[in-house]
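Text of coords07.txt (compact mmCIF, C-alpha atoms and all ligand atoms) as supplied:
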# COMPACT_ATOMS: atom_id res chain seq x y z
CA MET A 14 0.00 0.00 0.00
CA THR A 15 1.68 3.14 -1.22
CA VAL A 16 -0.88 5.91 -0.99
CA THR A 17 1.06 9.13 -0.42
CA GLN A 18 -0.18 10.86 2.71
CA GLN A 19 -1.03 14.10 0.98
CA ARG A 20 -4.19 15.95 0.06
CA LYS A 21 -4.25 16.65 -3.65
CA LEU A 22 -7.02 18.15 -5.78
CA VAL A 23 -6.65 17.83 -9.55
CA THR A 24 -10.34 18.38 -10.47
CA GLU A 25 -13.33 19.82 -8.71
CA ILE A 26 -15.04 17.51 -6.25
CA PRO A 27 -16.60 15.34 -7.55
CA GLY A 28 -14.50 15.17 -10.72
CA PRO A 29 -15.78 14.25 -14.21
CA ARG A 30 -15.07 10.53 -13.88
CA SER A 31 -16.98 10.35 -10.57
CA VAL A 32 -19.84 12.40 -12.00
CA GLU A 33 -20.13 9.96 -14.89
CA LEU A 34 -20.16 6.98 -12.50
CA LEU A 35 -22.75 8.72 -10.33
CA GLY A 36 -24.97 8.92 -13.41
CA ARG A 37 -24.75 5.14 -13.69
CA VAL A 38 -25.52 4.80 -9.97
CA ARG A 39 -28.75 6.73 -10.50
CA ARG A 40 -29.77 4.23 -13.20
CA SER A 41 -28.77 1.04 -11.35
CA VAL A 42 -28.66 1.48 -7.59
CA ALA A 43 -31.82 1.81 -5.52
CA ARG A 44 -32.54 5.44 -4.64
CA GLY A 45 -32.84 4.57 -0.95
CA VAL A 46 -29.09 4.14 -0.73
CA GLY A 47 -27.92 7.70 -0.05
CA ILE A 48 -24.38 8.93 -0.77
CA THR A 49 -22.62 11.57 1.35
CA LEU A 50 -19.83 12.49 -1.04
CA PRO A 51 -19.94 10.98 -4.54
CA VAL A 52 -16.25 10.52 -5.27
CA PHE A 53 -15.56 6.98 -6.42
CA VAL A 54 -12.65 5.55 -4.47
CA THR A 55 -9.99 3.55 -6.25
CA GLU A 56 -7.39 3.22 -3.48
CA ALA A 57 -7.05 4.21 0.15
CA GLY A 58 -4.56 4.01 2.98
CA GLY A 59 -3.56 5.85 6.15
CA GLY A 60 -5.58 9.08 6.20
CA ILE A 61 -6.13 9.39 2.44
CA LEU A 62 -8.77 8.29 -0.08
CA VAL A 63 -7.79 8.36 -3.77
CA ASP A 64 -10.63 8.87 -6.25
CA ALA A 65 -11.25 7.92 -9.86
CA ASP A 66 -10.12 11.37 -11.03
CA GLY A 67 -6.82 11.18 -9.17
CA ASN A 68 -7.86 13.46 -6.29
CA GLN A 69 -6.57 12.60 -2.83
CA LEU A 70 -8.97 13.42 -0.02
CA ILE A 71 -8.33 13.56 3.72
CA ASP A 72 -10.47 10.90 5.37
CA LEU A 73 -12.21 12.11 8.52
CA GLY A 74 -14.89 9.43 8.29
CA SER A 75 -13.11 6.05 8.28
CA GLY A 76 -16.12 4.65 6.40
CA ILE A 77 -18.17 5.49 9.53
CA ALA A 78 -15.69 4.47 12.24
CA VAL A 79 -14.70 1.22 10.54
CA VAL A 80 -11.12 1.48 9.34
CA ASN A 81 -9.65 2.46 12.71
CA VAL A 82 -6.47 0.63 11.62
CA GLY A 83 -6.47 2.53 8.30
CA ASN A 84 -7.62 1.29 4.93
CA ALA A 85 -5.96 -1.83 3.58
CA ALA A 86 -3.91 -2.08 6.78
CA PRO A 87 -0.92 -4.38 6.10
CA ALA A 88 -1.78 -6.98 8.77
CA VAL A 89 -5.38 -7.11 7.55
CA VAL A 90 -4.38 -7.44 3.89
CA GLN A 91 -1.91 -10.22 4.61
CA ALA A 92 -4.29 -12.20 6.82
CA VAL A 93 -7.12 -11.88 4.30
CA GLN A 94 -4.96 -12.88 1.35
CA GLU A 95 -3.69 -15.97 3.13
CA GLN A 96 -7.14 -17.02 4.29
CA VAL A 97 -8.98 -16.35 1.05
CA ALA A 98 -6.54 -18.60 -0.81
CA ARG A 99 -7.03 -21.43 1.71
CA PHE A 100 -10.84 -21.54 2.03
CA THR A 101 -13.60 -18.94 1.89
CA HIS A 102 -16.55 -20.50 3.71
CA THR A 103 -17.71 -23.65 5.40
CA CYS A 104 -20.27 -22.17 7.82
CA PHE A 105 -19.00 -22.44 11.39
CA MET A 106 -22.26 -24.18 12.39
CA VAL A 107 -21.58 -26.96 9.86
CA THR A 108 -17.83 -27.54 10.10
CA PRO A 109 -15.93 -25.10 12.34
CA TYR A 110 -12.54 -23.46 11.81
CA GLN A 111 -9.96 -21.92 14.09
CA GLY A 112 -10.28 -18.26 13.01
CA TYR A 113 -13.78 -17.95 14.50
CA LEU A 114 -12.57 -19.46 17.76
CA GLU A 115 -9.55 -17.15 17.90
CA VAL A 116 -11.67 -14.04 17.33
CA CYS A 117 -13.99 -15.10 20.17
CA GLU A 118 -10.99 -15.72 22.44
CA ALA A 119 -9.56 -12.30 21.53
CA LEU A 120 -12.88 -10.51 22.17
CA ASN A 121 -13.34 -12.30 25.49
CA ARG A 122 -9.85 -11.17 26.45
CA ILE A 123 -9.97 -7.50 25.37
CA THR A 124 -13.53 -6.46 26.34
CA PRO A 125 -14.10 -4.87 29.78
CA GLY A 126 -14.22 -7.16 32.84
CA ASP A 127 -12.23 -10.26 33.77
CA HIS A 128 -15.26 -12.50 34.37
CA GLU A 129 -15.77 -15.59 32.23
CA LYS A 130 -17.11 -14.64 28.80
CA ARG A 131 -18.51 -16.12 25.62
CA SER A 132 -18.92 -14.60 22.15
CA VAL A 133 -21.01 -15.15 19.03
CA LEU A 134 -20.01 -13.78 15.63
CA LEU A 135 -22.40 -12.18 13.15
CA ASN A 136 -22.34 -10.04 10.02
CA SER A 137 -23.49 -6.55 10.90
CA GLY A 138 -23.95 -4.28 13.84
CA ALA A 139 -27.72 -4.46 13.62
CA GLU A 140 -27.53 -8.24 13.69
CA ALA A 141 -25.34 -8.06 16.80
CA VAL A 142 -27.88 -5.82 18.54
CA GLU A 143 -30.72 -8.18 17.57
CA ASN A 144 -28.78 -11.11 19.01
CA ALA A 145 -27.98 -9.25 22.24
CA VAL A 146 -31.72 -8.77 22.70
CA LYS A 147 -32.42 -12.44 21.96
CA ILE A 148 -29.79 -13.49 24.49
CA ALA A 149 -31.03 -11.08 27.17
CA ARG A 150 -34.61 -12.26 26.69
CA ALA A 151 -33.60 -15.92 26.87
CA HIS A 152 -31.64 -15.23 30.06
CA THR A 153 -34.22 -13.08 31.89
CA LYS A 154 -37.41 -14.58 30.43
CA ARG A 155 -38.61 -10.97 30.15
CA ASP A 156 -39.71 -9.00 27.07
CA ALA A 157 -39.02 -5.30 27.41
CA VAL A 158 -36.06 -3.56 25.79
CA VAL A 159 -35.13 -0.09 27.05
CA VAL A 160 -33.32 2.33 24.76
CA PHE A 161 -32.55 6.04 24.89
CA ASP A 162 -33.30 9.32 23.16
CA HIS A 163 -30.72 9.92 20.40
CA GLY A 164 -29.90 6.20 20.30
CA TYR A 165 -28.98 4.47 17.06
CA HIS A 166 -28.88 0.69 16.79
CA GLY A 167 -29.39 -0.19 13.11
CA ARG A 168 -31.83 -0.57 10.26
CA THR A 169 -33.41 -4.02 10.67
CA ASN A 170 -36.96 -4.15 12.00
CA LEU A 171 -36.10 -4.59 15.67
CA THR A 172 -33.19 -2.14 15.52
CA MET A 173 -35.31 0.45 13.69
CA ALA A 174 -37.67 0.25 16.65
CA MET A 175 -34.65 0.76 18.93
CA THR A 176 -33.31 3.71 16.91
CA ALA A 177 -34.62 7.12 17.96
CA LYS A 178 -34.58 9.21 14.81
CA ASN A 179 -37.37 8.91 12.25
CA MET A 180 -35.78 10.39 9.10
CA PRO A 181 -34.09 8.79 7.29
CA TYR A 182 -34.02 5.53 9.24
CA LYS A 183 -37.66 4.67 9.95
CA ASP A 184 -40.08 6.83 8.01
CA GLY A 185 -42.65 4.68 6.24
CA PHE A 186 -40.95 1.42 7.22
CA GLY A 187 -43.22 0.42 10.12
CA PRO A 188 -44.87 -1.29 11.87
CA PHE A 189 -41.98 -1.73 14.24
CA ALA A 190 -41.20 -4.47 16.75
CA PRO A 191 -43.11 -4.16 20.04
CA GLU A 192 -41.79 -4.02 23.62
CA VAL A 193 -39.19 -1.35 22.89
CA TYR A 194 -39.31 1.63 25.28
CA ARG A 195 -37.39 4.89 24.91
CA VAL A 196 -36.29 6.95 27.90
CA PRO A 197 -34.31 10.22 28.25
CA THR A 198 -30.53 10.08 27.99
CA SER A 199 -27.81 12.36 29.36
CA TYR A 200 -27.06 15.25 26.99
CA PRO A 201 -25.08 17.76 29.05
CA TYR A 202 -25.04 20.54 26.42
CA ARG A 203 -28.84 20.40 26.10
CA ASP A 204 -30.14 19.29 29.50
CA GLY A 205 -27.53 20.70 31.86
CA LEU A 206 -28.06 17.76 34.22
CA THR A 207 -25.35 16.00 36.19
CA GLY A 208 -24.84 12.33 35.40
CA PRO A 209 -26.60 11.05 38.53
CA ALA A 210 -29.54 13.44 37.98
CA ALA A 211 -29.90 12.35 34.35
CA ALA A 212 -29.70 8.69 35.40
CA ALA A 213 -32.38 9.24 38.05
CA ARG A 214 -34.60 10.73 35.34
CA SER A 215 -34.01 7.73 33.03
CA VAL A 216 -34.64 5.23 35.83
CA ALA A 217 -37.82 7.02 36.91
CA SER A 218 -39.08 6.75 33.32
CA ILE A 219 -38.30 3.03 33.17
CA GLU A 220 -39.96 2.32 36.51
CA LYS A 221 -43.03 4.40 35.73
CA TYR A 222 -43.69 3.37 32.12
CA VAL A 223 -42.21 -0.13 31.86
CA GLY A 224 -41.65 -1.61 35.31
CA ALA A 225 -38.24 -2.95 36.32
CA SER A 226 -39.44 -6.55 36.52
CA ASN A 227 -40.49 -6.49 32.84
CA VAL A 228 -37.16 -5.29 31.50
CA ALA A 229 -34.92 -7.84 29.78
CA CYS A 230 -32.20 -5.37 28.85
CA VAL A 231 -31.13 -1.77 28.72
CA VAL A 232 -29.21 -1.05 25.51
CA ILE A 233 -27.10 2.09 25.35
CA GLU A 234 -24.22 3.52 23.35
CA PRO A 235 -21.60 4.80 25.82
CA ILE A 236 -21.37 7.80 23.47
CA HIS A 237 -24.35 8.25 21.14
CA GLY A 238 -22.89 8.01 17.63
CA GLU A 239 -25.43 8.81 14.91
CA GLY A 240 -27.30 10.78 17.59
CA GLY A 241 -24.52 13.39 17.56
CA PHE A 242 -21.52 12.17 19.57
CA VAL A 243 -23.39 12.90 22.76
CA VAL A 244 -21.03 12.16 25.65
CA PRO A 245 -23.08 11.51 28.79
CA ALA A 246 -22.32 13.49 31.93
CA GLU A 247 -19.93 11.76 34.31
CA GLY A 248 -21.70 9.27 36.53
CA PHE A 249 -24.62 8.63 34.17
CA LEU A 250 -23.46 5.29 32.73
CA PRO A 251 -22.30 3.84 36.07
CA ALA A 252 -25.65 4.76 37.67
CA VAL A 253 -27.67 3.16 34.87
CA ALA A 254 -25.47 0.04 35.00
CA GLU A 255 -25.90 -0.17 38.76
CA TRP A 256 -29.69 0.08 38.47
CA CYS A 257 -29.58 -2.78 35.95
CA ARG A 258 -27.49 -4.90 38.33
CA ASP A 259 -29.91 -4.21 41.21
CA ASN A 260 -32.93 -5.17 39.12
CA GLY A 261 -31.72 -8.26 37.26
CA VAL A 262 -31.67 -6.34 33.98
CA VAL A 263 -29.00 -7.13 31.38
CA PHE A 264 -26.90 -4.03 30.70
CA VAL A 265 -25.90 -4.00 27.03
CA ALA A 266 -23.27 -1.52 25.83
CA ASP A 267 -23.60 -0.92 22.11
CA GLU A 268 -19.94 -0.20 21.33
CA ILE A 269 -20.36 -0.71 17.61
CA GLN A 270 -19.17 2.84 16.87
CA THR A 271 -17.17 3.59 20.04
CA GLY A 272 -15.17 0.35 20.12
CA PHE A 273 -11.71 -0.81 19.07
CA GLY A 274 -9.64 2.12 20.25
CA ARG A 275 -11.80 4.86 18.80
CA THR A 276 -12.29 6.83 22.04
CA GLY A 277 -8.76 6.45 23.39
CA ASP A 278 -9.41 3.20 25.25
CA LEU A 279 -10.18 -0.12 23.62
CA PHE A 280 -13.81 0.38 24.64
CA ALA A 281 -15.62 3.54 25.74
CA CYS A 282 -17.20 1.92 28.83
CA THR A 283 -13.74 1.75 30.36
CA HIS A 284 -13.54 5.54 30.79
CA GLU A 285 -15.91 5.28 33.72
CA GLY A 286 -15.02 1.75 34.77
CA VAL A 287 -18.37 0.39 33.59
CA VAL A 288 -18.37 -3.35 32.91
CA PRO A 289 -21.31 -4.24 30.66
CA ASP A 290 -23.03 -7.63 30.89
CA LEU A 291 -23.09 -7.80 27.08
CA ILE A 292 -21.26 -5.69 24.53
CA THR A 293 -22.19 -5.40 20.86
CA LEU A 294 -19.31 -4.96 18.43
CA ALA A 295 -18.92 -4.36 14.70
CA LYS A 296 -17.50 -1.45 12.65
CA GLY A 297 -13.87 -1.26 13.84
CA ILE A 298 -13.61 -5.00 14.49
CA ALA A 299 -12.15 -6.23 11.20
CA GLY A 300 -10.47 -3.40 9.32
CA GLY A 301 -13.37 -3.05 6.88
CA LEU A 302 -14.56 -6.60 6.38
CA PRO A 303 -18.12 -7.34 7.48
CA LEU A 304 -18.05 -8.86 10.95
CA ALA A 305 -19.91 -8.26 14.19
CA ALA A 306 -20.09 -9.85 17.60
CA VAL A 307 -21.85 -10.06 20.92
CA THR A 308 -19.51 -10.72 23.84
CA GLY A 309 -20.57 -11.07 27.44
CA ARG A 310 -20.95 -12.91 30.72
CA ALA A 311 -20.85 -16.65 30.15
CA GLU A 312 -24.01 -17.35 32.15
CA ILE A 313 -26.02 -14.84 30.08
CA MET A 314 -24.47 -15.70 26.71
CA ASP A 315 -25.13 -19.40 27.31
CA ALA A 316 -28.85 -18.90 28.05
CA PRO A 317 -30.13 -19.57 24.50
CA HIS A 318 -30.58 -23.26 23.61
CA VAL A 319 -28.14 -25.06 21.30
CA SER A 320 -28.62 -23.84 17.69
CA GLY A 321 -30.66 -20.86 18.88
CA LEU A 322 -27.97 -18.46 17.63
CA GLY A 323 -26.10 -18.27 14.35
CA GLY A 324 -26.48 -17.54 10.66
CA THR A 325 -24.98 -18.71 7.39
CA TYR A 326 -22.17 -16.17 7.11
CA GLY A 327 -21.68 -15.15 10.73
CA GLY A 328 -17.95 -15.25 11.50
CA ASN A 329 -16.92 -15.85 7.89
CA PRO A 330 -13.32 -17.12 7.85
CA VAL A 331 -12.00 -14.26 5.71
CA ALA A 332 -13.64 -11.69 7.99
CA CYS A 333 -12.23 -13.51 11.03
CA ALA A 334 -8.72 -13.42 9.56
CA ALA A 335 -9.17 -9.68 8.99
CA ALA A 336 -10.34 -9.22 12.58
CA LEU A 337 -7.31 -11.02 13.97
CA GLY A 338 -5.09 -8.76 11.82
CA ALA A 339 -6.97 -5.64 12.92
CA ILE A 340 -6.96 -6.53 16.63
CA ALA A 341 -3.23 -7.35 16.49
CA THR A 342 -2.59 -3.98 14.84
CA ILE A 343 -4.67 -2.10 17.43
CA GLU A 344 -2.73 -3.76 20.24
CA THR A 345 0.83 -3.77 18.85
CA GLU A 346 0.61 -0.20 17.52
CA ASP A 347 -1.25 0.99 20.63
CA LEU A 348 -3.90 2.68 18.52
CA PRO A 349 -5.91 3.82 21.58
CA ALA A 350 -2.93 6.07 22.38
CA ARG A 351 -3.02 7.36 18.79
CA ALA A 352 -6.72 8.13 19.30
CA ARG A 353 -5.86 10.18 22.38
CA ASP A 354 -3.21 12.07 20.38
CA ILE A 355 -5.83 12.80 17.71
CA GLY A 356 -8.18 14.24 20.35
CA ASP A 357 -5.31 16.31 21.76
CA ILE A 358 -4.79 17.90 18.34
CA MET A 359 -8.45 18.34 17.42
CA LEU A 360 -10.09 19.53 20.64
CA PRO A 361 -7.92 22.64 21.20
CA ALA A 362 -8.15 23.55 17.49
CA LEU A 363 -11.94 23.22 17.53
CA ARG A 364 -12.30 25.09 20.82
CA GLU A 365 -10.24 27.95 19.43
CA LEU A 366 -12.54 27.98 16.39
CA ALA A 367 -15.63 27.88 18.60
CA ALA A 368 -14.37 30.88 20.57
CA ARG A 369 -14.40 32.90 17.33
CA HIS A 370 -17.62 31.51 15.87
CA PRO A 371 -20.86 31.40 17.86
CA VAL A 372 -22.26 28.99 15.21
CA ILE A 373 -20.24 26.32 17.07
CA GLY A 374 -22.33 25.80 20.18
CA ASP A 375 -20.47 22.81 21.56
CA VAL A 376 -17.20 20.96 21.00
CA ARG A 377 -17.18 17.45 22.42
CA GLY A 378 -16.02 13.89 22.12
CA ARG A 379 -13.31 11.54 23.24
CA GLY A 380 -10.15 10.41 21.54
CA ALA A 381 -10.73 10.21 17.81
CA MET A 382 -14.53 10.53 18.12
CA ILE A 383 -14.95 14.30 18.04
CA ALA A 384 -17.82 16.54 16.98
CA ILE A 385 -19.03 20.11 16.87
CA GLU A 386 -22.70 21.00 17.34
CA LEU A 387 -23.87 23.94 15.24
CA VAL A 388 -26.51 26.39 16.41
CA ASP A 389 -28.16 29.62 15.28
CA GLU A 390 -28.23 32.95 17.20
CA SER A 391 -30.93 31.64 19.52
CA GLY A 392 -29.00 28.44 20.29
CA ALA A 393 -31.39 26.30 18.24
CA PRO A 394 -29.94 23.45 16.12
CA ASP A 395 -28.72 24.73 12.73
CA ALA A 396 -28.89 21.88 10.24
CA VAL A 397 -28.61 24.25 7.28
CA ALA A 398 -25.26 25.64 8.44
CA THR A 399 -24.10 22.10 9.22
CA SER A 400 -24.81 20.77 5.78
CA ALA A 401 -23.32 23.88 4.12
CA ILE A 402 -20.09 23.52 6.12
CA ALA A 403 -19.93 19.79 5.36
CA LYS A 404 -20.33 20.50 1.64
CA ALA A 405 -17.63 23.17 1.73
CA CYS A 406 -15.29 20.71 3.49
CA HIS A 407 -15.99 18.13 0.80
CA ALA A 408 -15.10 20.69 -1.89
CA GLU A 409 -11.79 21.26 -0.09
CA GLY A 410 -11.00 17.55 -0.38
CA MET A 411 -11.92 16.43 3.09
CA VAL A 412 -14.43 13.72 3.97
CA VAL A 413 -16.56 14.79 6.93
CA LEU A 414 -19.86 13.34 8.12
CA THR A 415 -22.87 14.91 9.76
CA ALA A 416 -24.88 13.42 12.63
CA GLY A 417 -27.34 14.39 15.31
CA THR A 418 -31.06 13.90 15.80
CA ASP A 419 -31.43 17.49 14.53
CA GLY A 420 -28.84 17.03 11.78
CA ASN A 421 -26.73 19.81 13.26
CA VAL A 422 -23.58 17.95 14.27
CA LEU A 423 -20.40 17.71 12.25
CA ARG A 424 -18.55 14.60 13.33
CA PHE A 425 -14.94 13.58 12.84
CA LEU A 426 -13.80 9.96 12.84
CA PRO A 427 -10.28 9.89 11.43
CA PRO A 428 -8.50 6.56 11.04
CA LEU A 429 -6.38 6.14 14.17
CA VAL A 430 -3.29 5.95 11.95
CA MET A 431 -3.97 9.44 10.56
CA PRO A 432 -0.64 11.32 10.22
CA PRO A 433 -0.71 14.32 12.61
CA ASP A 434 0.28 16.79 9.88
CA LEU A 435 -2.67 15.72 7.75
CA LEU A 436 -4.98 16.14 10.73
CA ARG A 437 -3.63 19.65 11.37
CA GLU A 438 -4.15 20.46 7.72
CA ALA A 439 -7.75 19.24 8.01
CA MET A 440 -8.34 21.47 11.05
CA GLY A 441 -6.89 24.39 9.08
CA LEU A 442 -9.25 23.69 6.17
CA LEU A 443 -12.24 23.53 8.50
CA ALA A 444 -11.23 26.87 10.02
CA LYS A 445 -10.89 28.33 6.52
CA VAL A 446 -14.37 27.07 5.61
CA ILE A 447 -16.01 28.44 8.74
CA ASP A 448 -14.05 31.75 8.64
CA ALA A 449 -15.28 32.28 5.07
CA ARG A 450 -18.97 32.07 6.02
C1 LIG B 501 -23.52 1.52 12.92
C2 LIG B 501 -24.16 1.18 14.20
C3 LIG B 501 -25.04 0.10 14.32
C4 LIG B 501 -25.46 -0.72 13.12
O1 LIG B 501 -24.39 -1.38 12.54
P1 LIG B 501 -24.54 -1.95 11.03
O2 LIG B 501 -23.28 -2.72 10.82
O3 LIG B 501 -24.68 -0.76 10.15
O4 LIG B 501 -25.76 -2.79 11.03
C5 LIG B 501 -25.54 -0.19 15.56
N1 LIG B 501 -25.20 0.52 16.63
C6 LIG B 501 -24.35 1.57 16.57
C7 LIG B 501 -23.99 2.31 17.80
C8 LIG B 501 -23.81 1.94 15.35
O5 LIG B 501 -23.00 3.00 15.26
Using the file provided, produce a representation of the structure as structure tokens.
Amino acid sequence: MTVTQQRKLVTEIPGPRSVELLGRVRRSVARGVGITLPVFVTEAGGGILVDADGNQLIDLGSGIAVVNVGNAAPAVVQAVQEQVARFTHTCFMVTPYQGYLEVCEALNRITPGDHEKRSVLLNSGAEAVENAVKIARAHTKRDAVVVFDHGYHGRTNLTMAMTAKNMPYKDGFGPFAPEVYRVPTSYPYRDGLTGPAAAARSVASIEKYVGASNVACVVIEPIHGEGGFVVPAEGFLPAVAEWCRDNGVVFVADEIQTGFGRTGDLFACTHEGVVPDLITLAKGIAGGLPLAAVTGRAEIMDAPHVSGLGGTYGGNPVACAAALGAIATIETEDLPARARDIGDIMLPALRELAARHPVIGDVRGRGAMIAIELVDESGAPDAVATSAIAKACHAEGMVVLTAGTDGNVLRFLPPLVMPPDLLREAMGLLAKVIDAR
């Protein structure tokens, strides 16, 4: 992999070749599949995406928090190439193979808590969340699933029900799965509550509207991802986890976006010493190959009957090889430390920008999961400014994503191997874009 770590624009964005391909997309790909930035990628590595016109863009998206180890990371490429030449599929439920086992052993080892654990491998984050709910229901013999405002858990039927935001995820796609209950979260910038006060509010909602003895599981992202990188106030997560423990409720941390070094620790729960009963994993797990997992306490994970869990492709051998390469890279290159370095570069730069521009209402995040929330003069969410700034960043050759229930959050998810100079250049470009407004 020899992608030079340099931004380079040789055409406008998107260039003519990408525009032509986009025309073909319109004629062949279902309209429902939206595209943030229509440059067609031909190569990628480190912090750079190369497009079909020869432009080199700075990647602040990591394919939505997936390529934490960078695109085409050497250990991932090598492991995949070796595995794909040996065999591509047997189905672990038919005739097993060692890669699946080794990924489960690795996940049991690196996830929070030193209790005995088990894992199951799946294909997508949504499938992992669905399985966590199945497992929690089998263990507790209860039905109710509690989720939070601003939560995002996927696009399958059950996970649409669990996801907070209507557009674009749910509109017109109902009816949704029953027994899913949404309660308030902790959103310090908006609610001004301390962690314990926000947790007391959430718990009061659960007890009043659901009843503790009906709840199979509470499912929460330690930092809401699609919901706008909402970092809960200190003490919120531990208090919710403690209430779960006291009430026989399975506490599920959805670390699909926050996991694998992204927030400066291997998993975001660790920041407050929270040990989830179950953890859902995907995105950063396998350097870009489709893989997901549920990992958790052995006695809970083993509740479903034999053959109650699985799927044809879950834990595909090529994806497992990639995961072993990605996990080895995260550990040997100490990518959580790189994530902390990224936050140390971005947060001061963004705070300095916010001091000059009232449109930036909040700067927040952890490690390499950083966002700014954009507001108008009255402090109301400003989705129009957000999308304009995102578009201007794209034109400068920088991939940025938006987020937030109100669409007014610009989020940054650089690969953890992003060269610091490239990151500083990206912060300079963002400042230029916002200064020019
Ligand atoms: C992306 C995401 C999911 C869904 O994962 P898919 O692989 O897209 O199904 C679930 N939960 C969180 C927190 C996510 O960020």
* Rounded to one decimal place, report the CA of Pro289 in chain A-CA of Glu220 in chain A distance in Å. => 20.6 Å
* Asked: Which protein, DNA or RNA residues have an atom within 8 Å of ligand LIG 501 (chain B), counting only C-alpha atoms and all ligand atoms, as a PyMOL selection string?
  -> chain A and resi 77+136-142+164-169+172+234+237-239+267-271+293+295-296+303+305
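The space separating CA of Ala316 in chain A from CA of Asp278 in chain A comes to 29.6 Å.
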* Asked: What is the CA of Gln18 in chain A-CA of His407 in chain A distance in Å, reported with one decimal?
  -> 17.5 Å
* Counting only C-alpha atoms, what is within 8 Å of Gly420 in chain A, bar same-chain residues fewer than 6 positions away, as a PyMOL selection string? -> chain A and resi 394-396+399
